[in-house]
Every structure is written in C-alpha cells, then in structure tokens.
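Shown next: my_file_19.txt, containing compact mmCIF, C-alpha atoms.
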```
# COMPACT_ATOMS: atom_id res chain seq x y z
CA MET A 2 85.45 117.04 110.72
CA GLU A 3 82.38 118.04 108.74
CA LYS A 4 82.57 115.09 106.43
CA ILE A 5 79.66 113.27 107.93
CA ASN A 6 78.01 110.90 105.49
CA PRO A 7 74.65 112.31 104.48
CA ILE A 8 71.84 109.86 105.00
CA THR A 9 70.82 108.54 101.61
CA PRO A 10 67.15 108.83 100.59
CA ILE A 11 66.77 105.08 100.63
CA ALA A 12 68.10 104.89 104.14
CA LEU A 13 65.67 107.62 105.15
CA GLU A 14 62.82 105.54 103.79
CA LEU A 15 63.89 102.65 105.94
CA ILE A 16 64.26 104.77 109.04
CA ALA A 17 60.89 106.53 108.67
CA PRO A 18 58.83 104.67 106.08
CA SER A 19 55.52 106.24 107.09
CA SER A 20 56.69 109.79 106.40
CA ASN A 21 56.74 109.22 102.66
CA PRO A 22 53.73 107.76 100.83
CA THR A 23 56.00 106.38 98.09
CA ASN A 24 57.87 104.21 100.50
CA GLN A 25 56.00 101.07 99.47
CA THR A 26 57.22 101.37 95.89
CA LEU A 27 60.71 102.27 96.99
CA LEU A 28 60.91 99.32 99.30
CA SER A 29 59.42 96.92 96.83
CA ARG A 30 61.94 98.05 94.24
CA PHE A 31 64.64 96.71 96.47
CA SER A 32 62.49 93.75 97.42
CA ILE A 33 62.66 94.70 101.06
CA LYS A 34 59.54 94.47 103.16
CA PRO A 35 58.93 97.14 105.79
CA LEU A 36 60.06 96.01 109.20
CA SER A 37 56.52 95.69 110.53
CA ILE A 38 55.48 93.31 107.76
CA ARG A 39 58.54 91.12 107.90
CA ARG A 40 57.91 87.82 109.57
CA PRO A 41 60.21 87.06 112.43
CA ARG A 42 62.67 84.42 111.36
CA PHE A 43 63.48 81.97 114.07
CA SER A 44 66.72 80.37 113.27
CA ARG A 45 67.77 78.14 116.09
CA LYS A 46 70.63 80.40 117.05
CA LEU A 47 68.51 83.55 117.22
CA ALA A 48 65.77 81.91 119.22
CA TYR A 49 68.39 80.73 121.66
CA ASN A 50 69.71 84.26 122.10
CA PHE A 51 66.37 85.98 122.41
CA THR A 52 64.64 83.66 124.79
CA GLN A 53 67.47 83.27 127.26
CA GLU A 54 68.87 85.94 129.42
CA MET A 55 72.50 85.57 130.27
CA VAL A 56 73.34 86.71 133.74
CA LEU A 57 76.85 87.87 134.50
CA LEU A 58 77.67 87.09 138.09
CA GLN A 59 80.55 87.50 140.49
CA PRO A 60 82.58 84.29 140.91
CA ASP A 61 81.09 83.30 144.28
CA PRO A 62 77.40 83.73 143.38
CA PHE A 63 78.22 81.92 140.14
CA LEU A 64 79.42 78.88 142.04
CA SER A 65 76.30 78.76 144.19
CA GLU A 66 74.10 79.11 141.09
CA LEU A 67 76.14 76.36 139.43
CA THR A 68 75.51 74.15 142.43
CA SER A 69 71.76 74.66 142.09
CA LEU A 70 72.00 73.94 138.34
CA TYR A 71 73.63 70.59 139.09
CA GLU A 72 71.05 69.83 141.75
CA LYS A 73 68.14 70.68 139.45
CA ASN A 74 69.45 68.34 136.76
CA THR A 75 70.18 65.24 138.79
CA GLU A 76 67.13 63.23 137.75
CA SER A 77 67.14 64.31 134.13
CA GLY A 78 68.92 66.83 131.97
CA SER A 79 72.50 67.87 131.39
CA VAL A 80 74.67 70.75 132.52
CA TRP A 81 77.17 72.40 130.20
CA VAL A 82 80.06 74.48 131.44
CA THR A 83 82.03 76.45 128.86
CA MET A 84 85.35 78.19 129.37
CA LYS A 85 86.75 80.75 126.98
CA ARG A 86 89.38 83.45 126.90
CA SER A 87 87.51 86.67 126.37
CA CYS A 88 87.39 90.40 127.04
CA LEU A 89 83.63 90.71 126.38
CA LYS A 90 84.23 93.07 123.46
CA THR A 91 83.35 92.68 119.81
CA LYS A 92 86.00 91.84 117.24
CA ASN A 93 85.69 95.31 115.70
CA LYS A 94 86.21 97.03 118.99
CA ARG A 95 89.18 94.79 119.78
CA GLU A 96 90.83 95.69 116.49
CA GLN A 97 90.14 99.37 117.08
CA MET A 98 91.65 99.21 120.53
CA GLU A 99 94.70 97.45 119.16
CA LYS A 100 95.16 100.19 116.58
CA GLU A 101 94.94 102.83 119.27
CA GLY A 102 97.53 100.92 121.22
CA GLN A 103 95.30 100.24 124.21
CA LYS A 104 95.92 97.20 126.29
CA ILE A 105 93.11 94.70 126.15
CA GLU A 106 92.34 92.99 129.40
CA TYR A 107 91.52 89.36 128.82
CA LYS A 108 89.83 87.21 131.38
CA CYS A 109 88.52 83.70 131.54
CA LEU A 110 84.81 83.71 130.76
CA VAL A 111 82.95 80.81 132.33
CA ARG A 112 79.40 80.05 131.29
CA ALA A 113 77.07 77.40 132.59
CA THR A 114 73.69 76.28 131.30
CA ASP A 115 71.17 73.48 131.57
CA GLY A 116 69.49 74.52 128.33
CA LYS A 117 67.00 76.75 130.14
CA LYS A 118 69.02 79.15 132.16
CA ILE A 119 72.43 80.64 131.45
CA ILE A 120 74.81 82.01 134.04
CA SER A 121 78.28 83.37 133.49
CA THR A 122 81.22 84.90 135.27
CA LEU A 123 84.61 86.41 134.50
CA ILE A 124 87.73 85.15 136.20
CA ALA A 125 90.73 87.48 136.37
CA ALA A 126 94.23 86.08 136.77
CA LYS A 127 94.33 87.04 140.45
CA ASP A 128 91.14 85.13 141.25
CA GLN A 129 92.07 82.12 139.18
CA LEU A 130 93.64 79.84 141.81
CA LYS A 131 90.86 80.48 144.32
CA PHE A 132 88.13 79.90 141.75
CA GLN A 133 89.60 76.74 140.28
CA ALA A 134 89.85 75.22 143.74
CA SER A 135 86.23 75.97 144.65
CA TYR A 136 85.04 74.96 141.18
CA ALA A 137 86.77 71.61 141.64
CA THR A 138 85.00 71.20 144.98
CA VAL A 139 81.61 71.83 143.36
CA LEU A 140 82.37 69.33 140.61
CA ARG A 141 83.59 66.68 143.03
CA ALA A 142 80.42 67.08 145.07
CA HIS A 143 78.09 66.70 142.10
CA MET A 144 79.78 64.39 139.62
CA ASP A 145 79.07 61.35 141.72
CA ALA A 146 77.11 59.36 139.17
CA LEU A 147 80.29 58.26 137.39
CA LYS A 148 81.38 54.66 137.69
CA LYS A 149 84.14 53.82 140.05
CA ARG A 150 87.05 51.67 139.06
CA GLU A 151 86.48 48.04 138.15
CA ARG A 152 89.16 46.97 140.58
CA LYS A 153 87.14 48.36 143.46
CA ASP A 154 84.12 46.40 142.36
CA ARG A 155 86.14 43.21 142.33
CA LYS A 156 87.39 43.90 145.83
CA LYS A 157 83.87 44.58 147.05
CA ALA A 158 82.75 41.32 145.49
CA THR A 159 85.50 39.37 147.26
CA GLU A 160 85.25 41.18 150.60
CA PRO A 161 81.81 39.86 151.63
CA ALA A 162 83.13 36.33 151.23
CA LYS A 163 85.98 37.05 153.63
CA LYS A 164 83.93 39.06 156.10
CA PRO A 165 82.09 36.17 157.78
CA ASP A 166 85.48 34.83 158.92
CA ALA A 167 86.91 38.15 159.96
CA PRO A 168 84.30 39.33 162.50
CA LYS A 169 84.41 36.01 164.39
CA LYS A 170 88.10 36.51 164.99
CA ARG A 171 87.68 40.17 165.88
CA VAL A 172 84.77 39.87 168.29
CA PRO A 173 86.52 37.76 170.95
CA VAL A 174 89.51 40.07 170.81
CA LYS A 175 87.33 43.14 171.39
CA LYS A 176 85.28 41.69 174.25
CA PRO A 177 88.03 41.24 176.80
CA GLY A 178 89.32 44.70 175.99
CA SER A 179 86.05 46.54 176.42
CA THR A 180 83.93 44.65 178.97
CA LYS A 181 86.09 42.45 181.23
CA VAL A 182 88.95 44.87 181.95
CA MET B 13 82.50 63.82 115.66
CA VAL B 14 84.86 61.08 116.57
CA TYR B 15 85.84 60.81 120.19
CA ILE B 16 89.49 60.68 121.12
CA GLU B 17 90.24 57.49 123.02
CA SER B 18 93.48 58.43 124.72
CA TRP B 19 93.32 60.97 127.54
CA ASP B 20 96.91 62.15 127.08
CA GLU B 21 96.36 62.70 123.39
CA PHE B 22 93.21 64.69 124.15
CA VAL B 23 95.01 66.96 126.62
CA GLU B 24 97.98 67.50 124.34
CA ARG B 25 95.92 68.29 121.27
CA SER B 26 93.46 70.55 123.09
CA VAL B 27 96.27 72.65 124.58
CA GLN B 28 97.84 72.88 121.12
CA LEU B 29 94.50 73.97 119.68
CA PHE B 30 94.11 76.69 122.28
CA ARG B 31 97.62 78.01 121.79
CA ALA B 32 97.12 78.16 118.03
CA ASP B 33 94.03 80.34 118.35
CA PRO B 34 93.37 81.56 121.90
CA HIS B 35 90.52 83.91 120.91
CA SER B 36 88.16 81.40 119.38
CA THR B 37 88.97 78.23 121.26
CA ARG B 38 86.53 77.15 123.94
CA TYR B 39 86.43 74.26 126.36
CA VAL B 40 83.08 72.71 127.18
CA THR B 41 82.22 70.22 129.89
CA LYS B 42 78.92 68.40 129.63
CA TYR B 43 77.77 66.35 132.56
CA ARG B 44 74.65 64.24 132.58
CA HIS B 45 73.94 62.95 136.04
CA CYS B 46 71.06 60.61 135.22
CA ASP B 47 73.19 58.67 132.72
CA GLY B 48 76.45 59.21 134.59
CA LYS B 49 78.17 60.53 131.52
CA LEU B 50 80.81 63.17 131.11
CA VAL B 51 81.78 64.66 127.75
CA LEU B 52 84.64 67.10 127.31
CA LYS B 53 84.96 69.14 124.18
CA VAL B 54 87.55 71.59 122.91
CA THR B 55 86.91 73.41 119.67
CA ASP B 56 88.03 76.46 117.70
CA ASN B 57 85.02 76.23 115.34
CA ARG B 58 87.16 74.47 112.73
CA GLU B 59 88.51 71.50 114.59
CA CYS B 60 86.67 69.70 117.34
CA LEU B 61 88.23 67.43 119.94
CA LYS B 62 85.97 65.35 122.15
CA PHE B 63 86.46 62.94 124.98
CA LYS B 64 83.71 60.85 126.53
CA THR B 65 83.79 58.94 129.77
CA ASP B 66 81.67 57.37 132.49
CA GLN B 67 84.55 56.62 134.85
CA ALA B 68 85.05 58.48 138.13
CA GLN B 69 88.81 58.34 137.73
CA ASP B 70 88.55 60.44 134.57
CA ALA B 71 86.80 63.18 136.56
CA LYS B 72 90.05 63.54 138.49
CA LYS B 73 91.99 63.87 135.27
CA MET B 74 89.45 66.43 134.15
CA GLU B 75 90.20 68.55 137.23
CA LYS B 76 93.77 68.72 136.04
CA LEU B 77 92.66 69.83 132.57
CA ASN B 78 90.34 72.41 134.14
CA ASN B 79 93.29 73.87 135.98
CA ILE B 80 95.36 73.95 132.81
CA PHE B 81 92.63 75.83 130.97
CA PHE B 82 91.91 78.21 133.84
CA THR B 83 95.60 79.10 133.87
CA LEU B 84 95.84 79.46 130.10
CA MET B 85 92.66 81.48 129.76
CA SER B 86 93.11 83.91 132.61
CA ARG B 87 96.87 84.34 132.32
CA GLY B 88 97.28 84.06 128.57
CA PRO B 89 98.36 81.36 126.12
CA ASP B 90 102.02 81.76 127.08
CA ALA B 91 101.38 81.05 130.74
CA ASP B 92 103.30 78.26 132.36
CA ILE B 93 101.06 75.24 132.76
CA THR B 94 103.63 72.88 134.23
CA GLU B 95 102.64 74.10 137.68
CA ALA B 96 98.94 73.49 137.11
CA SER B 97 99.52 70.01 135.76
CA GLY B 98 102.48 69.17 138.00
CA LYS B 99 100.75 69.97 141.28
CA GLU B 100 97.83 67.80 140.43
CA GLN B 101 100.08 64.88 139.60
CA ALA B 102 101.81 65.26 142.94
CA GLU B 103 98.43 65.30 144.67
CA GLN B 104 97.06 62.36 142.79
CA GLN B 105 99.84 59.93 143.59
CA PRO B 106 99.59 60.01 147.39
CA ALA B 107 95.79 59.93 147.09
CA LYS B 108 95.95 56.65 145.22
CA LYS B 109 98.25 55.11 147.81
CA GLY B 110 96.01 56.25 150.64
CA ARG B 111 92.99 54.60 149.15
CA GLY B 112 94.78 51.32 148.67
CA ARG B 113 95.76 51.15 152.33
CA ARG B 114 92.34 52.02 153.66
CA GLN B 115 90.72 49.23 151.76
```

Could you show the structure in this file as structure tokens?
Amino acid sequence: MEKINPITPIALELIAPSSNPTNQTLLSRFSIKPLSIRRPRFSRKLAYNFTQEMVLLQPDPFLSELTSLYEKNTESGSVWVTMKRSCLKTKNKREQMEKEGQKIEYKCLVRATDGKKIISTLIAAKDQLKFQASYATVLRAHMDALKKRERKDRKKATEPAKKPDAPKKRVPVKKPGSTKV
Amino acid sequence: MVYIESWDEFVERSVQLFRADPHSTRYVTKYRHCDGKLVLKVTDNRECLKFKTDQAQDAKKMEKLNNIFFTLMSRGPDADITEASGKEQAEQQPAKKGRGRRQ
C-alpha cells in the first residue's frame, strides 16, 4: 500500500519550475520549454476541440436543437449527424472496468453539428424506437431540397397538356350538381 | 474516397463494417440544403464507405439505414435488424402504390 511512486526531481521541476532557480538549465537539458513559454500549437483537431463546446442534451431537446440547426443552414452550410456506439468512457477506463468484471452500458451517441455548434445526445435501447421515429420526422421535414423522381417530372410535363381538355369536361358535370339541383 | 454506387452494397458493407468493430465504427449523415445533396458515410478509421445522392427517394432508403444503425448501436452488434429493415420495406411498398393512384 505504501509503494507510491516518489515524484522524480525532474517531474518536480515541471510541476513547480519557479521554486528552483536551476530549472531553466534542467529544462533546457531535456529541450523542454517551460509551459508559459511554449507557443500554443493549433493543430486543426485541437482547435476544433477547444473552440467548440459540446452540449449533451436529452433526446427531446436534442431534436428541437437539430431542427433549428437544419433551419439555420437552409440557405448555405451543411449539417452533419454522426451516430456511434459509445459509453462515454475512455479506452483505459473501459479496459479497467472489463478487468473488474463490471458491465459496461453502451448507448447510441448521436452528435449533430453545422461546423459552429455541436449538440449531442445518448439513446438507450428503451428510447430507441421512439427516437428513431421522431428523428425520421425531423429529417423528412427538412430534407426537402432533394430531387424527386424523374418519372414524376415526366408526368408533370405531360399533365398540363391534358389539363385543358379535362376541365372542360368536368365543369359541365359539376354545374348541374351544385347550382341547378 | 470513392463513392459506392449501389445502395444495397453500401448497406451490406456498412453493417459488416460495424459488426467487425462496433467500438470505432461511426455513421455520418451530411446534408446540404442549398445544393440539395446528401452524403452518407460509414467508417471505422481504416476503411471508409460513402454514398452520395441528390434523389428524394434515397432519403427514404436512408431512413431504413438509420433504423438499422439505431438498433445496432443501442442494442448491440448482435441485435436483430431484420425487424428494422423489414418494417420499413412493408411500409414503403403501400406508400408507392398510394402515390401512383393519387396522381
């Protein structure tokens, strides 16, 4: 129980560099700059993580936020929706839990973003049918910029040609029914 | 990345991909309203399957795939997906007939 790793001197330097005047030499020996001097590196992935806050929502608020995401991005922009099987735990923790024989509860993680804002939710097995139905409704309502079938277009093109004939036949039939009788 | 042309092939391969590695496989839907484009992607960070469409009829097929993945991801890779895909097929067929009659 008492076998706690003692903090090495070098590690101490890194934790509290100002406490020791020799820290500069120590750090430079290992070619490590003190944290305050280091320039922030902005890899694309890091910048993405730092600048965007991911909000974990309940399924119903998620759907209403998703609706507003689709509405915001109608004129320009795209909306991404990602689905993944997850338990929101790190790989290390998962492995540890498996060793201890704990059951890991997996859920379906759903994330949505327009590149500016990220929202997410977790769907448990019991909520799955309800969520997938309402999700489908949201999609159907907003994915209306897709092209309809070519066949329909052909019909529409032929219908106007027929229409001038059709109303003439229909109108006399309707009149006696509605006005004279 | 090369897009898969056939919808059935895309569904089959993406389900296979998920079952092979459920922990790192994700399913992404990208919809761009202004261009009327829909891109579906399934990847496990090693292999990437993509399907692109601008047809409204493919959005209906996508609903079916959504249901398959919701089932697989919330209930586990061994979950039965015949119900998720079967129900949709049953729903789609009468819908098609209905439309034909109305027009």

Restricting the calculation to all atoms listed in the file, which member of B:Val40, B:His35, B:Ile80, B:Ser18 is positioned closest to A:Arg95?
B:His35

When you count only C-alpha atoms, which of these residues is closest to A:Ala142: A:Val111, A:Leu67, A:Leu89, A:Ile119?
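Among A:Val111, A:Leu67, A:Leu89, A:Ile119, it is A:Leu67 that comes nearest to A:Ala142.
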
What is the distance between atom CA of B:Leu61 and atom CA of A:Ala146, in Å to one decimal?
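The value is 23.6 Å.
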
For chain B against chain A, which residues fall within 10 Å using all atoms listed in the file, given as a ChimeraX atom specification?
/B:30,34-54,65-72,74-76,78-89,96,112,115

In Å and to one decimal, atom CA of A:Pro60 is distant from atom CA of B:Ile93 by 22.1 Å

To one decimal in Å, tell me the separation between atom CA of A:Leu70 and atom CA of A:Val56.
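Between atom CA of A:Leu70 and atom CA of A:Val56 the gap is 13.6 Å.
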